[in-house]
Structures are given as C-alpha cells and as structure tokens.
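target.cif (mmCIF, C-alpha atoms, pLDDT in the B column; chains and numbers go by the auth columns)
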```
data_target
loop_
_atom_site.group_PDB
_atom_site.id
_atom_site.type_symbol
_atom_site.label_atom_id
_atom_site.label_comp_id
_atom_site.label_asym_id
_atom_site.label_seq_id
_atom_site.Cartn_x
_atom_site.Cartn_y
_atom_site.Cartn_z
_atom_site.B_iso_or_equiv
_atom_site.auth_seq_id
_atom_site.auth_asym_id
ATOM 1 C CA MET A 1 110.395 75.344 83.123 76.00 1 A
ATOM 2 C CA GLN A 2 113.317 77.747 83.559 85.00 2 A
ATOM 3 C CA ALA A 3 112.943 77.713 87.359 88.00 3 A
ATOM 4 C CA ILE A 4 112.941 73.893 87.496 92.00 4 A
ATOM 5 C CA PHE A 5 115.973 73.841 85.203 93.00 5 A
ATOM 6 C CA LEU A 6 117.910 76.245 87.449 94.00 6 A
ATOM 7 C CA VAL A 7 116.963 74.313 90.608 95.00 7 A
ATOM 8 C CA PHE A 8 118.268 71.146 88.962 96.00 8 A
ATOM 9 C CA LEU A 9 121.527 72.918 88.085 96.00 9 A
ATOM 10 C CA PHE A 10 121.852 74.218 91.659 97.00 10 A
ATOM 11 C CA VAL A 11 121.565 70.685 93.081 96.00 11 A
ATOM 12 C CA LEU A 12 123.899 69.290 90.411 97.00 12 A
ATOM 13 C CA GLY A 13 126.446 72.037 91.034 96.00 13 A
ATOM 14 C CA ALA A 14 126.374 71.426 94.794 95.00 14 A
ATOM 15 C CA CYS A 15 127.020 67.699 94.219 94.00 15 A
ATOM 16 C CA VAL A 16 129.864 68.495 91.819 96.00 16 A
ATOM 17 C CA GLY A 17 131.379 70.948 94.319 95.00 17 A
ATOM 18 C CA SER A 18 131.300 68.313 97.068 91.00 18 A
ATOM 19 C CA PHE A 19 132.905 65.758 94.748 92.00 19 A
ATOM 20 C CA LEU A 20 135.616 68.153 93.553 95.00 20 A
ATOM 21 C CA CYS A 21 136.609 69.167 97.081 91.00 21 A
ATOM 22 C CA CYS A 22 136.871 65.510 98.078 87.00 22 A
ATOM 23 C CA GLN A 23 138.985 64.702 95.011 90.00 23 A
ATOM 24 C CA ALA A 24 141.250 67.689 95.674 92.00 24 A
ATOM 25 C CA ARG A 25 142.039 66.339 99.142 86.00 25 A
ATOM 26 C CA ARG A 26 142.562 62.834 97.765 85.00 26 A
ATOM 27 C CA LEU A 27 144.921 64.125 95.075 89.00 27 A
ATOM 28 C CA ARG A 28 146.935 66.005 97.694 88.00 28 A
ATOM 29 C CA LEU A 29 147.335 62.863 99.779 80.00 29 A
ATOM 30 C CA LYS A 30 148.405 60.935 96.680 83.00 30 A
ATOM 31 C CA GLU A 31 150.988 63.560 95.744 79.00 31 A
ATOM 32 C CA LYS A 32 152.392 63.406 99.279 75.00 32 A
ATOM 33 C CA GLY A 33 152.682 59.623 98.984 68.00 33 A
ATOM 34 C CA GLU A 34 149.943 58.986 101.524 66.00 34 A
ATOM 35 C CA LYS A 35 146.955 56.724 101.027 65.00 35 A
ATOM 36 C CA PRO A 36 143.428 58.163 101.223 57.00 36 A
ATOM 37 C CA LEU A 37 141.595 57.251 104.411 55.00 37 A
ATOM 38 C CA GLY A 38 139.136 55.088 102.479 55.00 38 A
ATOM 39 C CA GLN A 39 137.166 54.682 99.299 59.00 39 A
ATOM 40 C CA ARG A 40 134.210 56.438 100.883 63.00 40 A
ATOM 41 C CA SER A 41 134.263 59.812 102.626 68.00 41 A
ATOM 42 C CA VAL A 42 135.493 59.764 106.208 69.00 42 A
ATOM 43 C CA CYS A 43 136.135 62.328 108.914 65.00 43 A
ATOM 44 C CA PRO A 44 139.827 63.323 108.617 64.00 44 A
ATOM 45 C CA LYS A 45 140.044 63.675 112.420 64.00 45 A
ATOM 46 C CA CYS A 46 138.493 60.439 113.769 66.00 46 A
ATOM 47 C CA ARG A 47 138.162 58.449 110.506 66.00 47 A
ATOM 48 C CA TYR A 48 134.454 57.906 111.066 66.00 48 A
ATOM 49 C CA GLN A 49 132.978 56.682 107.768 72.00 49 A
ATOM 50 C CA LEU A 50 130.280 59.128 106.811 69.00 50 A
ATOM 51 C CA LYS A 51 126.784 57.809 106.150 71.00 51 A
ATOM 52 C CA TRP A 52 124.894 58.809 103.019 66.00 52 A
ATOM 53 C CA TYR A 53 122.807 61.308 104.994 71.00 53 A
ATOM 54 C CA ASP A 54 126.013 62.959 106.229 72.00 54 A
ATOM 55 C CA ASN A 55 127.080 63.531 102.618 77.00 55 A
ATOM 56 C CA LEU A 56 124.118 65.563 101.406 82.00 56 A
ATOM 57 C CA PRO A 57 125.655 68.688 99.835 86.00 57 A
ATOM 58 C CA ILE A 58 125.049 71.902 101.823 88.00 58 A
ATOM 59 C CA ILE A 59 122.176 70.374 103.847 87.00 59 A
ATOM 60 C CA SER A 60 124.286 67.968 105.929 83.00 60 A
ATOM 61 C CA TRP A 61 126.837 70.660 106.742 81.00 61 A
ATOM 62 C CA PHE A 62 124.194 72.948 108.228 86.00 62 A
ATOM 63 C CA ILE A 63 122.367 70.123 110.036 81.00 63 A
ATOM 64 C CA LEU A 64 125.615 69.026 111.684 79.00 64 A
ATOM 65 C CA LYS A 65 126.650 72.665 112.210 76.00 65 A
ATOM 66 C CA GLY A 66 129.904 72.067 110.390 75.00 66 A
ATOM 67 C CA ARG A 67 131.042 69.278 112.722 78.00 67 A
ATOM 68 C CA CYS A 68 131.639 65.532 112.522 73.00 68 A
ATOM 69 C CA ARG A 69 128.661 63.536 113.798 74.00 69 A
ATOM 70 C CA LYS A 70 130.911 61.290 115.930 70.00 70 A
ATOM 71 C CA CYS A 71 133.857 63.308 117.263 77.00 71 A
ATOM 72 C CA ARG A 72 132.129 66.710 116.927 72.00 72 A
ATOM 73 C CA LYS A 73 135.301 68.347 115.639 72.00 73 A
ATOM 74 C CA LYS A 74 134.917 71.077 113.047 76.00 74 A
ATOM 75 C CA ILE A 75 134.742 70.269 109.354 73.00 75 A
ATOM 76 C CA GLY A 76 136.640 72.756 107.213 72.00 76 A
ATOM 77 C CA LEU A 77 134.896 75.599 105.430 82.00 77 A
ATOM 78 C CA ALA A 78 136.323 74.415 102.099 84.00 78 A
ATOM 79 C CA GLU A 79 133.575 71.799 101.704 86.00 79 A
ATOM 80 C CA ILE A 80 130.558 74.051 102.223 91.00 80 A
ATOM 81 C CA THR A 81 132.193 76.898 100.280 93.00 81 A
ATOM 82 C CA SER A 82 132.914 74.608 97.314 94.00 82 A
ATOM 83 C CA GLU A 83 129.360 73.249 97.312 94.00 83 A
ATOM 84 C CA ILE A 84 127.673 76.645 97.459 95.00 84 A
ATOM 85 C CA LEU A 85 129.939 78.365 94.930 95.00 85 A
ATOM 86 C CA MET A 86 129.769 75.510 92.414 97.00 86 A
ATOM 87 C CA ALA A 87 125.969 75.427 92.791 97.00 87 A
ATOM 88 C CA LEU A 88 125.798 79.171 92.093 96.00 88 A
ATOM 89 C CA SER A 89 128.244 78.797 89.184 96.00 89 A
ATOM 90 C CA PHE A 90 126.083 76.145 87.526 97.00 90 A
ATOM 91 C CA VAL A 91 123.004 78.340 87.985 96.00 91 A
ATOM 92 C CA ALA A 92 124.863 81.334 86.525 95.00 92 A
ATOM 93 C CA ILE A 93 125.874 79.377 83.423 95.00 93 A
ATOM 94 C CA GLY A 94 122.324 78.010 83.227 94.00 94 A
ATOM 95 C CA THR A 95 120.893 81.508 82.881 92.00 95 A
ATOM 96 C CA THR A 96 122.697 81.862 79.545 89.00 96 A
ATOM 97 C CA ILE A 97 120.587 79.176 77.836 89.00 97 A
ATOM 98 C CA SER A 98 116.888 78.411 77.497 84.00 98 A
ATOM 99 C CA PRO A 99 115.896 74.830 78.432 82.00 99 A
ATOM 100 C CA GLU A 100 113.415 74.871 75.531 80.00 100 A
ATOM 101 C CA LEU A 101 116.086 75.268 72.846 74.00 101 A
ATOM 102 C CA PRO A 102 115.830 72.348 70.397 71.00 102 A
ATOM 103 C CA MET A 103 119.355 72.646 68.898 82.00 103 A
ATOM 104 C CA PRO A 104 121.476 69.613 69.946 86.00 104 A
ATOM 105 C CA LEU A 105 124.816 71.323 69.215 87.00 105 A
ATOM 106 C CA VAL A 106 123.925 74.244 71.499 88.00 106 A
ATOM 107 C CA TRP A 107 123.231 71.772 74.297 91.00 107 A
ATOM 108 C CA ILE A 108 126.525 69.999 73.646 92.00 108 A
ATOM 109 C CA ILE A 109 128.326 73.347 74.014 92.00 109 A
ATOM 110 C CA PHE A 110 126.370 74.032 77.211 94.00 110 A
ATOM 111 C CA ILE A 111 127.283 70.652 78.716 95.00 111 A
ATOM 112 C CA LEU A 112 130.927 71.188 77.765 96.00 112 A
ATOM 113 C CA SER A 113 130.723 74.611 79.423 95.00 113 A
ATOM 114 C CA LEU A 114 129.597 72.934 82.656 96.00 114 A
ATOM 115 C CA VAL A 115 132.498 70.469 82.334 97.00 115 A
ATOM 116 C CA PHE A 116 134.863 73.399 81.759 97.00 116 A
ATOM 117 C CA VAL A 117 133.486 75.241 84.791 97.00 117 A
ATOM 118 C CA SER A 118 133.883 72.056 86.848 97.00 118 A
ATOM 119 C CA SER A 119 137.535 71.760 85.849 97.00 119 A
ATOM 120 C CA LEU A 120 138.060 75.424 86.753 97.00 120 A
ATOM 121 C CA GLY A 121 136.270 74.774 90.045 96.00 121 A
ATOM 122 C CA PHE A 122 138.671 71.953 90.852 97.00 122 A
ATOM 123 C CA LEU A 123 141.627 74.228 90.095 96.00 123 A
ATOM 124 C CA ALA A 124 140.172 76.986 92.282 95.00 124 A
ATOM 125 C CA ILE A 125 139.603 74.575 95.180 95.00 125 A
ATOM 126 C CA TYR A 126 143.071 73.053 94.924 95.00 126 A
ATOM 127 C CA ASP A 127 144.764 76.425 94.596 93.00 127 A
ATOM 128 C CA GLY A 128 142.753 77.811 97.496 90.00 128 A
ATOM 129 C CA LEU A 129 143.678 74.885 99.738 90.00 129 A
ATOM 130 C CA TYR A 130 147.277 74.213 98.727 90.00 130 A
ATOM 131 C CA GLY A 131 148.486 77.127 96.599 87.00 131 A
ATOM 132 C CA GLU A 132 149.106 74.973 93.518 89.00 132 A
ATOM 133 C CA LEU A 133 147.414 74.287 90.182 93.00 133 A
ATOM 134 C CA PRO A 134 147.647 70.638 88.987 93.00 134 A
ATOM 135 C CA SER A 135 149.115 70.536 85.480 92.00 135 A
ATOM 136 C CA LEU A 136 146.873 67.691 84.298 94.00 136 A
ATOM 137 C CA CYS A 137 143.700 69.628 85.118 95.00 137 A
ATOM 138 C CA LEU A 138 145.150 72.765 83.512 95.00 138 A
ATOM 139 C CA THR A 139 145.780 70.817 80.305 96.00 139 A
ATOM 140 C CA PHE A 140 142.262 69.373 80.394 96.00 140 A
ATOM 141 C CA SER A 141 140.814 72.882 80.825 96.00 141 A
ATOM 142 C CA ILE A 142 142.690 74.170 77.776 96.00 142 A
ATOM 143 C CA ILE A 143 141.540 71.216 75.648 96.00 143 A
ATOM 144 C CA CYS A 144 137.959 71.704 76.815 96.00 144 A
ATOM 145 C CA ALA A 145 138.122 75.439 76.019 96.00 145 A
ATOM 146 C CA ILE A 146 139.464 74.748 72.507 95.00 146 A
ATOM 147 C CA ILE A 147 136.648 72.284 71.795 95.00 147 A
ATOM 148 C CA ILE A 148 134.056 74.814 73.003 94.00 148 A
ATOM 149 C CA VAL A 149 135.495 77.507 70.726 92.00 149 A
ATOM 150 C CA ILE A 150 135.512 75.193 67.700 92.00 150 A
ATOM 151 C CA LEU A 151 131.896 74.139 68.263 91.00 151 A
ATOM 152 C CA ARG A 152 130.843 77.721 68.921 87.00 152 A
ATOM 153 C CA GLU A 153 132.389 78.835 65.622 84.00 153 A
ATOM 154 C CA TRP A 154 130.740 75.899 63.868 83.00 154 A
ATOM 155 C CA THR A 155 127.277 76.960 65.020 81.00 155 A
ATOM 156 C CA SER A 156 127.749 80.625 64.108 73.00 156 A
ATOM 157 C CA PHE A 157 129.913 80.318 60.968 64.00 157 A
ATOM 158 C CA SER A 158 129.116 83.232 58.653 61.00 158 A
ATOM 159 C CA GLY A 159 132.039 83.356 56.248 61.00 159 A
ATOM 160 C CA TRP A 160 135.811 83.130 56.250 63.00 160 A
ATOM 161 C CA GLN A 161 136.239 86.866 56.764 65.00 161 A
ATOM 162 C CA ASN A 162 134.317 86.777 60.052 69.00 162 A
ATOM 163 C CA LEU A 163 136.263 83.663 61.042 73.00 163 A
ATOM 164 C CA GLY A 164 139.474 85.638 60.552 77.00 164 A
ATOM 165 C CA LEU A 165 138.147 88.418 62.788 80.00 165 A
ATOM 166 C CA HIS A 166 137.202 85.894 65.474 80.00 166 A
ATOM 167 C CA LEU A 167 140.671 84.332 65.303 84.00 167 A
ATOM 168 C CA GLY A 168 142.159 87.811 65.691 88.00 168 A
ATOM 169 C CA ASP A 169 140.022 88.413 68.774 88.00 169 A
ATOM 170 C CA LEU A 170 141.130 85.045 70.120 90.00 170 A
ATOM 171 C CA GLY A 171 144.787 85.939 69.634 91.00 171 A
ATOM 172 C CA LEU A 172 144.305 89.270 71.408 92.00 172 A
ATOM 173 C CA SER A 173 142.454 87.517 74.225 93.00 173 A
ATOM 174 C CA ILE A 174 145.351 85.127 74.749 93.00 174 A
ATOM 175 C CA ALA A 175 147.807 88.041 74.722 91.00 175 A
ATOM 176 C CA VAL A 176 145.726 90.077 77.189 89.00 176 A
ATOM 177 C CA LEU A 177 145.060 87.400 79.803 89.00 177 A
ATOM 178 C CA GLY A 178 147.537 84.557 79.308 87.00 178 A
ATOM 179 C CA GLY A 179 150.312 86.867 78.108 87.00 179 A
ATOM 180 C CA LEU A 180 150.019 89.354 80.957 85.00 180 A
ATOM 181 C CA TYR A 181 150.062 86.680 83.651 83.00 181 A
ATOM 182 C CA PHE A 182 152.986 85.013 81.884 86.00 182 A
ATOM 183 C CA ILE A 183 154.930 88.284 82.141 85.00 183 A
ATOM 184 C CA LEU A 184 153.906 88.676 85.793 79.00 184 A
ATOM 185 C CA TYR A 185 155.265 85.183 86.404 78.00 185 A
ATOM 186 C CA LYS A 186 158.482 85.442 84.375 77.00 186 A
ATOM 187 C CA VAL A 187 159.734 88.935 85.163 76.00 187 A
ATOM 188 C CA PRO A 188 159.748 88.671 88.992 67.00 188 A
ATOM 189 C CA ARG A 189 160.526 84.937 88.674 66.00 189 A
ATOM 190 C CA GLY A 190 157.384 83.635 90.318 59.00 190 A
ATOM 191 C CA LYS A 191 157.309 86.106 93.216 63.00 191 A
ATOM 192 C CA TRP A 192 153.969 87.663 92.223 66.00 192 A
ATOM 193 C CA VAL A 193 151.994 84.833 90.622 70.00 193 A
ATOM 194 C CA GLY A 194 152.519 81.084 90.257 72.00 194 A
ATOM 195 C CA ASP A 195 153.562 79.218 87.137 76.00 195 A
ATOM 196 C CA GLY A 196 150.047 77.793 86.720 85.00 196 A
ATOM 197 C CA ASP A 197 148.240 81.133 86.827 88.00 197 A
ATOM 198 C CA TRP A 198 149.191 82.127 83.298 89.00 198 A
ATOM 199 C CA ILE A 199 148.110 78.707 81.971 92.00 199 A
ATOM 200 C CA LEU A 200 144.777 79.111 83.762 94.00 200 A
ATOM 201 C CA GLY A 201 144.524 82.582 82.219 93.00 201 A
ATOM 202 C CA LEU A 202 145.233 81.026 78.830 94.00 202 A
ATOM 203 C CA ALA A 203 142.365 78.538 79.225 95.00 203 A
ATOM 204 C CA ILE A 204 139.966 81.295 80.274 96.00 204 A
ATOM 205 C CA ALA A 205 141.094 83.539 77.399 95.00 205 A
ATOM 206 C CA ILE A 206 140.427 80.774 74.868 95.00 206 A
ATOM 207 C CA ALA A 207 136.981 80.078 76.324 95.00 207 A
ATOM 208 C CA LEU A 208 135.979 83.765 76.250 94.00 208 A
ATOM 209 C CA GLY A 209 137.550 84.519 72.882 91.00 209 A
ATOM 210 C CA HIS A 210 137.128 88.294 73.183 92.00 210 A
ATOM 211 C CA PRO A 211 139.815 90.742 74.360 93.00 211 A
ATOM 212 C CA TRP A 212 137.347 93.109 76.070 94.00 212 A
ATOM 213 C CA LEU A 213 135.904 90.268 78.095 95.00 213 A
ATOM 214 C CA CYS A 214 139.437 89.255 79.082 94.00 214 A
ATOM 215 C CA LEU A 215 140.133 92.797 80.269 95.00 215 A
ATOM 216 C CA ILE A 216 136.979 92.591 82.385 95.00 216 A
ATOM 217 C CA VAL A 217 138.218 89.306 83.858 95.00 217 A
ATOM 218 C CA LEU A 218 141.512 91.001 84.686 92.00 218 A
ATOM 219 C CA PHE A 219 139.738 93.868 86.425 94.00 219 A
ATOM 220 C CA ILE A 220 137.286 91.694 88.388 95.00 220 A
ATOM 221 C CA SER A 221 139.894 89.104 89.429 92.00 221 A
ATOM 222 C CA ASN A 222 142.329 91.722 90.691 87.00 222 A
ATOM 223 C CA LEU A 223 139.547 93.642 92.424 92.00 223 A
ATOM 224 C CA LEU A 224 138.361 90.483 94.206 91.00 224 A
ATOM 225 C CA ALA A 225 141.939 89.580 95.124 86.00 225 A
ATOM 226 C CA CYS A 226 142.518 93.023 96.646 83.00 226 A
ATOM 227 C CA LEU A 227 139.254 93.009 98.583 85.00 227 A
ATOM 228 C CA VAL A 228 139.677 89.480 99.956 82.00 228 A
ATOM 229 C CA MET A 229 143.426 89.409 100.516 74.00 229 A
ATOM 230 C CA LEU A 230 143.957 92.971 101.763 70.00 230 A
ATOM 231 C CA PRO A 231 143.733 91.997 105.480 67.00 231 A
ATOM 232 C CA PHE A 232 146.328 89.224 104.915 63.00 232 A
ATOM 233 C CA ILE A 233 148.667 91.015 102.509 60.00 233 A
ATOM 234 C CA LYS A 234 151.376 91.468 105.166 59.00 234 A
ATOM 235 C CA LYS A 235 151.324 87.782 106.111 61.00 235 A
ATOM 236 C CA THR A 236 151.437 86.292 102.628 60.00 236 A
ATOM 237 C CA LYS A 237 154.191 86.816 100.085 58.00 237 A
ATOM 238 C CA LYS A 238 152.237 85.635 97.050 63.00 238 A
ATOM 239 C CA ILE A 239 148.518 85.713 96.254 70.00 239 A
ATOM 240 C CA HIS A 240 146.969 82.559 94.860 78.00 240 A
ATOM 241 C CA PHE A 241 145.070 84.020 91.925 83.00 241 A
ATOM 242 C CA GLY A 242 143.365 80.793 90.827 90.00 242 A
ATOM 243 C CA PRO A 243 140.092 81.207 92.786 93.00 243 A
ATOM 244 C CA PHE A 244 139.811 84.877 91.815 94.00 244 A
ATOM 245 C CA LEU A 245 140.412 84.187 88.121 94.00 245 A
ATOM 246 C CA VAL A 246 137.771 81.466 88.146 96.00 246 A
ATOM 247 C CA ALA A 247 135.244 83.670 89.968 96.00 247 A
ATOM 248 C CA ALA A 248 135.910 86.503 87.506 96.00 248 A
ATOM 249 C CA TYR A 249 135.397 84.134 84.574 96.00 249 A
ATOM 250 C CA ILE A 250 132.027 82.933 85.921 96.00 250 A
ATOM 251 C CA ILE A 251 130.830 86.515 86.372 96.00 251 A
ATOM 252 C CA THR A 252 132.093 87.625 82.967 96.00 252 A
ATOM 253 C CA ALA A 253 130.746 84.601 81.076 94.00 253 A
ATOM 254 C CA THR A 254 127.332 85.015 82.718 94.00 254 A
ATOM 255 C CA PHE A 255 127.008 88.698 81.788 94.00 255 A
ATOM 256 C CA ALA A 256 129.074 88.572 78.578 92.00 256 A
ATOM 257 C CA ASN A 257 126.282 89.897 76.346 88.00 257 A
ATOM 258 C CA PHE A 258 125.607 92.767 78.734 89.00 258 A
ATOM 259 C CA PHE A 259 129.287 93.716 78.952 91.00 259 A
ATOM 260 C CA LEU A 260 129.702 93.620 75.157 88.00 260 A
ATOM 261 C CA SER A 261 126.586 95.723 74.631 87.00 261 A
ATOM 262 C CA VAL A 262 127.914 98.388 76.986 84.00 262 A
ATOM 263 C CA ILE A 263 131.410 98.512 75.506 74.00 263 A
#
```
Show the structure stored in the file as structure tokens.
Amino acid sequence: MQAIFLVFLFVLGACVGSFLCCQARRLRLKEKGEKPLGQRSVCPKCRYQLKWYDNLPIISWFILKGRCRKCRKKIGLAEITSEILMALSFVAIGTTISPELPMPLVWIIFILSLVFVSSLGFLAIYDGLYGELPSLCLTFSIICAIIIVILREWTSFSGWQNLGLHLGDLGLSIAVLGGLYFILYKVPRGKWVGDGDWILGLAIAIALGHPWLCLIVLFISNLLACLVMLPFIKKTKKIHFGPFLVAAYIITATFANFFLSVI
C-alpha cells in the first residue's frame, strides 16, 4: 500500500512540476506585457503545438531527448528539472504519513502540505529562471503555512501551557529564519539577498514552527548555495536563494523527527 501511494505521489508531483514550470513562463510573459503563445503548450522556438504524448512529464522529455519534435531545437532543462524535483518532493512529504491513517484532519493537513510545497515549488522555479519571487505566491504560501500550523495545533492540543511553548517556538523560528534574511536584505540594501527571500523564509519558518529546524534549514540552504553557485560566484553579484531555501525545507520537513531526536 505504501509503495503504491508513493508511486502515485511521484506521478502527481511530476505533473504538478510540469504545470508549475509552464505557469511560471506564462506569468513572466504576462508581466512583460506579452501574450502567451497559446492556451495549450507550444514550442517557444517554432510555436509547434505540443500533442498530449509530447506533454507526458519526464517520459516525453527523455523520449524526445530534450528537443522539440518538429524543429528539433533544445527544450530547456527547467522543465525536466522541475518535474523530477517536484516528483521527489511529493514522495518525500509522502513518507511522513501512512496511507492507512483513518484521521480526516491529518489528511487535510497532508493535502495542505502538498499545496504548500507546490507553492514553494513555483517560487523556486520562478526565482531560478528569472531571479524574482512573485509577491502573490509569497502571500499565498504564508497563508497556507498559517492554516497548517493552526490545524496541527488543533490535532495535538494538550493544554494552554504547551500552546504557549509552541507559540514561543514559532516566534523564535520566525526570528531565526525570516529575521535573519530580513537583516541580510536590509543592511546591505538588497546586495546579498532579494526582498522576497526573507518573506519566503518567513513562510518556511511558520510551517516548521521550531527554531532548531529553522537553523537546519539555514545550514542546508547555505551549504547547497555554496556548492552549486561556487563555480559562478565571480560572474553573479547576487545569489537567488529561493530554490535553495525550498530544497532545504523539503529535506528538513522530511527528516524533522530524526533531526529533533538527535538535537
């Protein structure tokens, strides 16, 4: 049952990744005042309208060897990367729940977690492609994180004293992740990180709700940024932290119980 559940999440995540990448490109065209090339997906080079079998997540990309079926020009790596990483993200979140759990509220939280991860995925894709974080999606992520926290507290409510401790942890989490990135944005006046990075950090901090987990996100995100961006550090003046923050959140949320047991 668990294996079937994870396979389903992998396929669903790949479809979501394909959709999010497409919507990121459409949003960019809209912001630039240009009209999308069509309601359905088309090749950006020759405007060939893709058939349904050209739109199969992951599979079609490898069958076509990353090229358009008609003009044979290369399709960007953003599409296949988004599909694979979102598929793996859905599977990672899926490992934190048993498909045999009968509690409806737990499943509601799980579904909202997938929605939250999808919104983070969109932000990571957009930031990776264009170096910006859309404010509307940032706001949606924060709202989604707040709802998840409220429902999580509802399911595990064990007295007002424990609620006060959880609120304290939440405040420290916001200070650690959102606050630090806010300082990194304000002090050098946007030279180190963008104005959306601290808001993204705020959303992630709310969703995690634990200061130690936020410190782990800080460590993993900066480590990934250094490893990936080190060869390009001389060419770029500012690192787009969105994708690294999102990747660090997925890793931390997946192994949260392990990290907390070690600390």
Rank A:Leu163, A:Ala207, A:Leu227, A:Val117 by their smallest atom-to-atom distance to Ala247 (chain A), using all atoms listed in the file, and report the top residue only.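 The answer is A:Val117, which sits nearest to Ala247 (chain A).
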Running the PyMOL selection byres ((chain A and resi 79) around 9) on this model by hand, what would come out? Give it as a CSV table (one decimal) with C-alpha atoms, in the frame of the given file.
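What landed in part-v8.csv:
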```
chain,number,residue,atom,x,y,z
A,17,GLY,CA,131.4,70.9,94.3
A,18,SER,CA,131.3,68.3,97.1
A,21,CYS,CA,136.6,69.2,97.1
A,22,CYS,CA,136.9,65.5,98.1
A,57,PRO,CA,125.7,68.7,99.8
A,58,ILE,CA,125.0,71.9,101.8
A,61,TRP,CA,126.8,70.7,106.7
A,75,ILE,CA,134.7,70.3,109.4
A,76,GLY,CA,136.6,72.8,107.2
A,77,LEU,CA,134.9,75.6,105.4
A,78,ALA,CA,136.3,74.4,102.1
A,80,ILE,CA,130.6,74.1,102.2
A,81,THR,CA,132.2,76.9,100.3
A,82,SER,CA,132.9,74.6,97.3
A,83,GLU,CA,129.4,73.2,97.3
A,84,ILE,CA,127.7,76.6,97.5
```
Using the chain letters and numbers from the file, which residues does the PyMOL selection byres ((chain A and resi 97) around 12) grab, as a PDB file with C-alpha atoms, in the frame of the given file?
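Output below, filename selection32.pdb:
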```pdb
ATOM      1  CA  GLN A   2     113.317  77.747  83.559  1.00 85.00           C
ATOM      2  CA  PHE A   5     115.973  73.841  85.203  1.00 93.00           C
ATOM      3  CA  LEU A   6     117.910  76.245  87.449  1.00 94.00           C
ATOM      4  CA  PHE A  90     126.083  76.145  87.526  1.00 97.00           C
ATOM      5  CA  VAL A  91     123.004  78.340  87.985  1.00 96.00           C
ATOM      6  CA  ALA A  92     124.863  81.334  86.525  1.00 95.00           C
ATOM      7  CA  ILE A  93     125.874  79.377  83.423  1.00 95.00           C
ATOM      8  CA  GLY A  94     122.324  78.010  83.227  1.00 94.00           C
ATOM      9  CA  THR A  95     120.893  81.508  82.881  1.00 92.00           C
ATOM     10  CA  THR A  96     122.697  81.862  79.545  1.00 89.00           C
ATOM     11  CA  SER A  98     116.888  78.411  77.497  1.00 84.00           C
ATOM     12  CA  PRO A  99     115.896  74.830  78.432  1.00 82.00           C
ATOM     13  CA  GLU A 100     113.415  74.871  75.531  1.00 80.00           C
ATOM     14  CA  LEU A 101     116.086  75.268  72.846  1.00 74.00           C
ATOM     15  CA  PRO A 102     115.830  72.348  70.397  1.00 71.00           C
ATOM     16  CA  MET A 103     119.355  72.646  68.898  1.00 82.00           C
ATOM     17  CA  VAL A 106     123.925  74.244  71.499  1.00 88.00           C
ATOM     18  CA  TRP A 107     123.231  71.772  74.297  1.00 91.00           C
ATOM     19  CA  ILE A 108     126.525  69.999  73.646  1.00 92.00           C
ATOM     20  CA  ILE A 109     128.326  73.347  74.014  1.00 92.00           C
ATOM     21  CA  PHE A 110     126.370  74.032  77.211  1.00 94.00           C
ATOM     22  CA  ILE A 111     127.283  70.652  78.716  1.00 95.00           C
ATOM     23  CA  SER A 113     130.723  74.611  79.423  1.00 95.00           C
ATOM     24  CA  LEU A 114     129.597  72.934  82.656  1.00 96.00           C
ATOM     25  CA  ALA A 253     130.746  84.601  81.076  1.00 94.00           C
ATOM     26  CA  THR A 254     127.332  85.015  82.718  1.00 94.00           C
TER      27      THR A 254
END
```
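One finds CA of Leu120 (chain A) at 20.0 Å from CA of Ala175 (chain A).
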Name the residues that the PyMOL selection byres ((chain A and resi 138) around 8) picks from the file above, as a list in words, using the file's chain letters and numbers. Leu123, Leu133, Pro134, Ser135, Leu136, Cys137, Thr139, Phe140, Ser141, Ile142, Gly196, Ile199, Leu200 and Ala203 of chain A
